[in-house]
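Next up, start-v1.txt (compact mmCIF, C-alpha atoms):
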# COMPACT_ATOMS: atom_id res chain seq x y z
CA MET M 1258 0.00 0.00 0.00
CA THR M 1259 1.24 3.49 -0.87
CA SER M 1260 2.29 5.65 2.09
CA ILE M 1261 2.51 9.44 2.12
CA ALA M 1262 4.32 11.57 4.71
CA PHE M 1263 3.10 15.03 5.68
CA GLN M 1264 3.86 17.68 8.26
CA GLY M 1265 1.22 17.95 10.94
CA GLN M 1266 -1.12 15.91 13.08
CA PRO M 1267 -3.67 13.33 11.93
CA GLY M 1268 -6.70 15.22 10.69
CA SER M 1269 -4.74 18.27 9.53
CA TYR M 1270 -5.42 19.77 6.13
CA SER M 1271 -2.22 18.21 4.83
CA ASP M 1272 -3.52 14.83 5.97
CA LEU M 1273 -6.81 15.54 4.19
CA ALA M 1274 -4.93 16.56 1.03
CA CYS M 1275 -3.06 13.24 1.05
CA ARG M 1276 -6.28 11.26 1.44
CA ASN M 1277 -8.07 13.21 -1.28
CA ALA M 1278 -5.23 12.90 -3.77
CA TYR M 1279 -4.46 9.25 -3.05
CA PRO M 1280 -7.55 7.46 -1.71
CA GLY M 1281 -6.64 4.30 0.16
CA ALA M 1282 -3.08 5.38 0.84
CA THR M 1283 -1.61 5.28 4.34
CA THR M 1284 -0.75 8.73 5.70
CA LEU M 1285 2.25 9.29 7.95
CA PRO M 1286 2.16 12.37 10.23
CA CYS M 1287 5.50 14.06 10.94
CA GLU M 1288 6.37 16.89 13.31
CA THR M 1289 8.39 18.87 10.76
CA PHE M 1290 8.91 19.23 7.02
CA GLU M 1291 12.38 17.77 7.56
CA GLY M 1292 10.79 14.77 9.22
CA ALA M 1293 8.49 14.18 6.25
CA ILE M 1294 11.43 14.40 3.83
CA GLU M 1295 13.48 12.04 5.99
CA ALA M 1296 10.60 9.53 6.08
CA VAL M 1297 10.83 9.24 2.28
CA HIS M 1298 14.62 8.82 2.34
CA GLU M 1299 14.33 6.13 5.01
CA GLY M 1300 11.65 4.25 3.07
CA ARG M 1301 8.93 4.74 5.67
CA ALA M 1302 6.91 6.63 3.05
CA ALA M 1303 6.87 6.49 -0.73
CA MET M 1304 6.05 10.17 -1.11
CA ALA M 1305 5.79 13.40 0.84
CA MET M 1306 2.98 15.94 0.46
CA LEU M 1307 4.40 19.38 1.25
CA PRO M 1308 2.71 22.80 0.90
CA PRO M 1309 4.72 25.60 -0.77
CA GLU M 1310 1.92 28.17 -0.64
CA ASN M 1311 -1.60 29.15 0.33
CA SER M 1312 -3.79 31.58 -1.59
CA ILE M 1313 -4.37 33.73 1.53
CA ALA M 1314 -1.36 33.17 3.79
CA GLY M 1315 1.18 33.20 0.93
CA ARG M 1316 4.29 31.08 0.64
CA VAL M 1317 5.68 28.71 3.26
CA PRO M 1318 9.25 30.03 3.82
CA ASP M 1319 10.55 27.00 5.74
CA LEU M 1320 9.73 24.68 2.87
CA HIS M 1321 11.31 26.93 0.23
CA ALA M 1322 14.61 26.78 2.09
CA LEU M 1323 14.47 22.98 2.27
CA LEU M 1324 13.58 22.21 -1.35
CA PRO M 1325 17.00 22.50 -3.07
CA GLY M 1326 18.78 20.23 -0.61
CA SER M 1327 15.91 17.84 0.08
CA GLY M 1328 17.13 15.17 -2.33
CA LEU M 1329 13.53 14.70 -3.46
CA THR M 1330 11.88 15.45 -6.79
CA ILE M 1331 8.49 17.03 -7.43
CA ILE M 1332 6.37 14.46 -9.28
CA ALA M 1333 2.97 16.17 -9.05
CA GLU M 1334 1.10 19.16 -7.72
CA LYS M 1335 -2.22 19.00 -5.86
CA PHE M 1336 -4.60 21.66 -4.60
CA LEU M 1337 -6.89 21.55 -1.58
CA ARG M 1338 -9.77 23.92 -1.02
CA VAL M 1339 -9.55 24.72 2.71
CA GLU M 1340 -13.02 24.33 4.20
CA HIS M 1341 -13.04 25.24 7.87
CA CYS M 1342 -15.58 23.56 10.13
CA LEU M 1343 -16.75 24.66 13.57
CA LEU M 1344 -16.37 21.53 15.69
CA ALA M 1345 -17.62 20.83 19.20
CA THR M 1346 -18.36 17.96 21.54
CA PRO M 1347 -21.52 15.95 20.83
CA GLY M 1348 -24.60 17.70 22.19
CA ALA M 1349 -23.04 21.19 22.16
CA ALA M 1350 -25.16 24.03 20.76
CA LEU M 1351 -23.98 26.90 18.59
CA LYS M 1352 -25.52 29.50 20.92
CA ASN M 1353 -23.48 28.25 23.88
CA ILE M 1354 -20.02 28.47 22.28
CA LYS M 1355 -17.80 30.92 24.18
CA ARG M 1356 -14.29 29.94 23.09
CA ILE M 1357 -13.00 28.99 19.63
CA HIS M 1358 -9.65 27.21 19.44
CA SER M 1359 -7.44 26.97 16.34
CA HIS M 1360 -4.17 27.94 14.72
CA PRO M 1361 -3.74 31.75 14.57
CA VAL M 1362 -3.91 31.76 10.75
CA ALA M 1363 -7.17 29.83 10.79
CA LEU M 1364 -8.61 32.13 13.47
CA GLY M 1365 -7.78 35.07 11.24
CA GLN M 1366 -9.83 33.47 8.48
CA VAL M 1367 -13.04 33.15 10.54
CA ARG M 1368 -13.34 36.61 12.08
CA THR M 1369 -16.97 36.99 10.97
CA LEU M 1370 -17.98 33.82 12.83
CA ILE M 1371 -16.11 34.86 15.99
CA ARG M 1372 -17.87 38.24 15.99
CA GLU M 1373 -21.24 36.64 15.33
CA LEU M 1374 -20.92 34.28 18.29
CA GLY M 1375 -19.22 36.84 20.54
CA ALA M 1376 -16.65 34.16 21.29
CA THR M 1377 -13.05 34.44 22.44
CA ALA M 1378 -10.38 33.26 20.01
CA VAL M 1379 -7.89 30.87 21.61
CA ALA M 1380 -4.67 30.33 19.64
CA GLU M 1381 -3.36 26.77 19.41
CA TYR M 1382 -0.33 25.31 17.60
CA ASP M 1383 -2.33 23.42 14.96
CA THR M 1384 -5.89 23.11 13.64
CA ALA M 1385 -5.99 19.34 14.18
CA GLY M 1386 -4.40 19.87 17.59
CA ALA M 1387 -7.19 22.32 18.44
CA ALA M 1388 -9.74 19.62 17.65
CA GLU M 1389 -7.87 17.22 19.92
CA ILE M 1390 -7.86 19.80 22.73
CA VAL M 1391 -11.59 20.48 22.43
CA ALA M 1392 -12.31 16.75 22.46
CA ALA M 1393 -10.24 16.40 25.65
CA LEU M 1394 -11.94 19.38 27.34
CA LYS M 1395 -15.43 17.93 26.79
CA ASN M 1396 -16.85 21.36 27.48
CA PRO M 1397 -19.88 22.40 25.38
CA GLU M 1398 -18.68 26.00 25.54
CA ASP M 1399 -15.46 25.19 23.62
CA ALA M 1400 -15.22 24.68 19.87
CA ALA M 1401 -12.45 24.25 17.31
CA ILE M 1402 -11.84 25.44 13.78
CA ALA M 1403 -10.45 22.50 11.85
CA SER M 1404 -11.17 20.08 9.02
CA SER M 1405 -14.09 17.69 8.92
CA LEU M 1406 -11.50 14.89 9.03
CA ALA M 1407 -10.14 16.20 12.35
CA GLY M 1408 -13.68 16.24 13.71
CA ALA M 1409 -14.29 12.65 12.65
CA LEU M 1410 -10.98 11.45 14.12
CA HIS M 1411 -11.66 13.08 17.50
CA GLY M 1412 -15.38 12.32 17.78
CA LEU M 1413 -16.57 15.90 17.41
CA GLN M 1414 -19.74 17.13 15.77
CA ILE M 1415 -19.86 19.77 13.05
CA LEU M 1416 -21.84 22.77 14.24
CA ARG M 1417 -21.32 24.67 10.97
CA GLU M 1418 -19.44 24.00 7.74
CA ASN M 1419 -17.51 26.39 5.50
CA VAL M 1420 -17.18 29.10 8.13
CA GLU M 1421 -14.19 30.81 6.47
CA ASP M 1422 -14.55 34.46 5.47
CA ALA M 1423 -13.01 33.94 2.00
CA ASP M 1424 -14.25 31.28 -0.39
CA HIS M 1425 -10.94 31.08 -2.27
CA ASN M 1426 -8.79 29.72 0.56
CA THR M 1427 -6.73 27.11 -1.28
CA THR M 1428 -3.45 25.39 -0.43
CA ARG M 1429 -1.12 24.06 -3.09
CA PHE M 1430 0.97 20.96 -2.40
CA TYR M 1431 4.04 19.44 -4.00
CA VAL M 1432 4.03 15.65 -4.17
CA MET M 1433 7.69 14.69 -3.77
CA ALA M 1434 9.45 11.35 -4.20
CA LYS M 1435 12.98 10.00 -4.01
CA ASN M 1436 13.10 8.83 -7.61
CA PRO M 1437 12.17 11.20 -10.45
CA LYS M 1438 9.09 10.37 -12.52
CA ILE M 1439 9.62 12.69 -15.47
CA PRO M 1440 6.73 12.52 -17.96
CA PRO M 1441 7.50 12.15 -21.67
CA PRO M 1442 7.92 15.51 -23.46
CA GLU M 1443 4.73 14.95 -25.46
CA THR M 1444 2.62 14.83 -22.27
CA PRO M 1445 0.16 17.75 -22.26
CA HIS M 1446 0.17 20.60 -19.72
CA LEU M 1447 3.66 20.06 -18.32
CA MET M 1448 5.37 22.37 -15.82
CA THR M 1449 8.96 22.54 -14.59
CA SER M 1450 10.07 23.91 -11.21
CA PHE M 1451 13.66 24.97 -10.53
CA VAL M 1452 15.81 27.15 -8.29
CA PHE M 1453 18.74 29.28 -9.40
CA ARG M 1454 21.25 31.86 -8.23
CA VAL M 1455 22.37 34.64 -10.54
CA ARG M 1456 25.93 35.89 -10.93
CA ASN M 1457 26.91 39.02 -9.04
CA VAL M 1458 26.96 41.31 -12.07
CA PRO M 1459 24.77 44.29 -13.05
CA ALA M 1460 21.37 43.36 -14.55
CA ALA M 1461 22.10 39.64 -14.08
CA LEU M 1462 18.50 38.74 -13.24
CA TYR M 1463 17.16 40.76 -16.17
CA LYS M 1464 19.56 39.06 -18.55
CA ALA M 1465 18.99 35.61 -17.03
CA LEU M 1466 15.24 35.84 -17.54
CA GLY M 1467 15.47 37.32 -21.02
CA GLY M 1468 15.76 33.88 -22.56
CA PHE M 1469 12.31 32.90 -21.36
CA ALA M 1470 10.76 35.93 -23.05
CA THR M 1471 12.64 35.55 -26.34
CA ASN M 1472 11.81 31.83 -26.48
CA ASN M 1473 8.15 32.44 -25.63
CA VAL M 1474 8.24 30.36 -22.44
CA ASN M 1475 5.48 31.20 -19.97
CA MET M 1476 6.76 31.74 -16.41
CA THR M 1477 4.06 31.14 -13.79
CA LYS M 1478 6.12 31.80 -10.65
CA LEU M 1479 9.23 33.73 -9.64
CA GLU M 1480 10.08 34.18 -5.95
CA SER M 1481 13.27 35.30 -4.25
CA TYR M 1482 14.56 34.50 -0.79
CA MET M 1483 17.80 34.85 1.10
CA VAL M 1484 20.28 32.02 1.36
CA ASN M 1485 21.76 31.05 4.74
CA GLY M 1486 20.43 34.20 6.38
CA THR M 1487 22.71 36.52 4.41
CA PHE M 1488 21.78 39.73 2.62
CA THR M 1489 24.17 39.17 -0.28
CA ALA M 1490 23.13 35.76 -1.61
CA THR M 1491 19.67 35.50 -3.14
CA GLN M 1492 18.07 32.37 -4.53
CA PHE M 1493 15.10 32.29 -6.87
CA LEU M 1494 12.35 29.70 -7.19
CA ALA M 1495 10.79 29.68 -10.64
CA GLU M 1496 8.12 27.66 -12.41
CA VAL M 1497 7.53 27.59 -16.14
CA ASP M 1498 5.33 25.81 -18.62
CA GLY M 1499 7.00 23.01 -20.55
CA HIS M 1500 9.52 20.17 -20.41
CA PRO M 1501 13.31 20.74 -20.32
CA ASP M 1502 13.56 18.73 -23.54
CA HIS M 1503 11.23 21.12 -25.37
CA PRO M 1504 13.50 23.26 -27.59
CA PRO M 1505 12.16 26.65 -26.36
CA LEU M 1506 12.61 25.76 -22.68
CA ARG M 1507 15.96 24.08 -23.33
CA ARG M 1508 17.26 27.26 -24.98
CA ALA M 1509 15.88 29.43 -22.17
CA LEU M 1510 17.58 27.28 -19.53
CA GLU M 1511 20.87 27.42 -21.45
CA GLU M 1512 20.71 31.22 -21.43
CA LEU M 1513 19.79 31.19 -17.74
CA ALA M 1514 22.86 29.03 -17.01
CA PHE M 1515 25.14 31.60 -18.62
CA PHE M 1516 24.11 34.24 -16.06
CA SER M 1517 23.68 31.90 -13.07
CA THR M 1518 26.04 30.24 -10.63
CA GLN M 1519 23.69 27.36 -9.87
CA ILE M 1520 20.52 25.84 -11.32
CA THR M 1521 18.67 22.94 -9.72
CA ILE M 1522 15.69 21.35 -11.46
CA LEU M 1523 13.18 20.37 -8.76
CA GLY M 1524 10.84 18.45 -11.04
CA THR M 1525 8.76 18.26 -14.20
CA TYR M 1526 5.11 17.28 -13.78
CA GLN M 1527 1.62 17.78 -15.14
CA ALA M 1528 -0.37 20.84 -14.11
CA ASP M 1529 -3.19 19.91 -11.76
CA PRO M 1530 -6.76 20.15 -13.15
CA PHE M 1531 -7.45 22.87 -10.58
CA ARG M 1532 -4.76 25.05 -12.17
CA LEU M 1533 -6.04 24.36 -15.67
CA ALA M 1534 -9.59 25.26 -14.62
CA GLN M 1535 -8.35 28.57 -13.21
CA ARG M 1536 -6.49 29.32 -16.42
CA GLY M 1537 -9.66 28.65 -18.38
CA ALA M 1538 -11.67 30.91 -16.12
CA GLY M 1539 -9.15 33.71 -16.65
CA ASP M 1540 -9.29 33.54 -20.45

Take the structure in this file and express it as structure tokens.
Amino acid sequence: MTSIAFQGQPGSYSDLACRNAYPGATTLPCETFEGAIEAVHEGRAAMAMLPPENSIAGRVPDLHALLPGSGLTIIAEKFLRVEHCLLATPGAALKNIKRIHSHPVALGQVRTLIRELGATAVAEYDTAGAAEIVAALKNPEDAAIASSLAGALHGLQILRENVEDADHNTTRFYVMAKNPKIPPPETPHLMTSFVFRVRNVPAALYKALGGFATNNVNMTKLESYMVNGTFTATQFLAEVDGHPDHPPLRRALEELAFFSTQITILGTYQADPFRLAQRGAGD
């Protein structure tokens, strides 16, 4: 049976993403992103499901720093629509809720509900952990904001579904494995993710990216972040449409290499249907 490692507790949104993407697979909770990566290297999991970004909270900096040296390859991308549930002990009533427990980010996404109930927000370390705490308290005045999966795992009832303020709260995940699974170049809707560092010369980034424009390669992501906590070394994470063996992308990468000190391909994979649907909606 396939096993997938993720960072978080059982019932977390990462756990739910694993189960949705790979029904029937065994999920392996890990305390840290490093732990999930190590689980794949040690053979305790075949894959790791790791989130690089959320549509509201933005990128996950810790993961970006780990990607180049992880020794894993991106083999797929998956998206999860984050649907917060208000969970409480069986028999609890909405009108009696006085305290709402969850991760600070999740609490910030349900401000309307908190105001409506006149409840006090209680910050916890994790959404699934908040569900576990509420289950242990067994107090009908306490509720948690977490996934429906967390509620089911901890025997809580759903008082209200989809309580988030924004209906576009979506987390993107990389599916990463030890051995590359590069699709054939003729596979439709391919993407390639890579990191690079430019040379310390004037206009290096401008020149490095010029090859993508002249070769008509669509770049869907470009993010910068510091390396090793210094202010002089900057690394870039980029994502483009195409396969490295496609002539336009091959030429663009060759030009990038001329102005870069390091390029690391993180993976080539098919765009998720969620991404393709969004592209269609934007046309």

*10 Å contact set for Leu1466 (chain M), all atoms listed in the file, chain neighbours under 2 positions out, as a ChimeraX atom specification*: /M:1461-1464,1468-1471,1476,1509-1510,1512-1513,1516

Same residues, C-alpha atoms, saved as an mmCIF file, in the coordinates of the input:
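Produced file again_27.cif, reproduced below:
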data_model
loop_
_atom_site.group_PDB
_atom_site.id
_atom_site.type_symbol
_atom_site.label_atom_id
_atom_site.label_comp_id
_atom_site.auth_asym_id
_atom_site.auth_seq_id
_atom_site.Cartn_x
_atom_site.Cartn_y
_atom_site.Cartn_z
ATOM 1 C CA ALA M 1461 22.100 39.640 -14.080
ATOM 2 C CA LEU M 1462 18.500 38.740 -13.240
ATOM 3 C CA TYR M 1463 17.160 40.760 -16.170
ATOM 4 C CA LYS M 1464 19.560 39.060 -18.550
ATOM 5 C CA GLY M 1468 15.760 33.880 -22.560
ATOM 6 C CA PHE M 1469 12.310 32.900 -21.360
ATOM 7 C CA ALA M 1470 10.760 35.930 -23.050
ATOM 8 C CA THR M 1471 12.640 35.550 -26.340
ATOM 9 C CA MET M 1476 6.760 31.740 -16.410
ATOM 10 C CA ALA M 1509 15.880 29.430 -22.170
ATOM 11 C CA LEU M 1510 17.580 27.280 -19.530
ATOM 12 C CA GLU M 1512 20.710 31.220 -21.430
ATOM 13 C CA LEU M 1513 19.790 31.190 -17.740
ATOM 14 C CA PHE M 1516 24.110 34.240 -16.060
#

*Please tell me which residues are no farther than 12 Å from (8.5, 0.9, 2.5) in the file, counting all atoms listed in the file, and write them as a list in words.*
Met1258, Thr1259, Ser1260, Ile1261, Ala1262, Thr1283, Leu1285, Ala1296, Val1297, His1298, Glu1299, Gly1300, Arg1301, Ala1302, Ala1303 and Met1304 of chain M

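The nearest approach to Pro1442 (chain M) among the residues M:Thr1284, M:Thr1525, M:Asn1277, M:Asn1311, with all atoms listed in the file taken into account, belongs to M:Thr1525.
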
*What does the distance between CA of Val1362 (chain M) and CA of Ile1313 (chain M) come to in Å, to one decimal place?*
9.4 Å

*What separation in Å, quoted to one decimal, exists between CA of Phe1336 (chain M) and CA of Ile1357 (chain M)?*
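Calculated distance between CA of Phe1336 (chain M) and CA of Ile1357 (chain M) is 26.7 Å.
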
*Using all atoms listed in the file, which of M:His1425, M:Lys1352, M:Lys1335, M:Lys1478 sits nearest Gln1366 (chain M)?*
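Selected residue with least distance to Gln1366 (chain M): M:His1425.
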
_Computed interatomic separation between CA of Thr1369 (chain M) and CA of Pro1318 (chain M) (Å)_ =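 Result for CA of Thr1369 (chain M) versus CA of Pro1318 (chain M): 28.1 Å, one decimal.
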
*asked:* Set the distance at 6 Å and use all atoms listed in the file: which residues neighbour Tyr1526 (chain M) once local chain neighbours fewer than 5 positions away are removed? I'd like the list as a PyMOL selection string.
replied: chain M and resi 1332-1333+1447-1448

Give me a file of those residues, with C-alpha atoms, as a PDB file, keeping the file's coordinate frame.
ATOM      1  CA  ILE M1332       6.370  14.460  -9.280  1.00  0.00           C
ATOM      2  CA  ALA M1333       2.970  16.170  -9.050  1.00  0.00           C
ATOM      3  CA  LEU M1447       3.660  20.060 -18.320  1.00  0.00           C
ATOM      4  CA  MET M1448       5.370  22.370 -15.820  1.00  0.00           C
TER       5      MET M1448
END

Skipping near chain neighbours, those fewer than 6 positions away, what residues fall within 7 Å of Ser1404 (chain M) using all atoms listed in the file, listed as a PDB file with C-alpha atoms, in the coordinates of the input?
ATOM      1  CA  GLY M1268      -6.700  15.220  10.690  1.00  0.00           C
ATOM      2  CA  SER M1269      -4.740  18.270   9.530  1.00  0.00           C
ATOM      3  CA  TYR M1270      -5.420  19.770   6.130  1.00  0.00           C
ATOM      4  CA  GLU M1340     -13.020  24.330   4.200  1.00  0.00           C
ATOM      5  CA  HIS M1341     -13.040  25.240   7.870  1.00  0.00           C
ATOM      6  CA  CYS M1342     -15.580  23.560  10.130  1.00  0.00           C
TER       7      CYS M1342
END
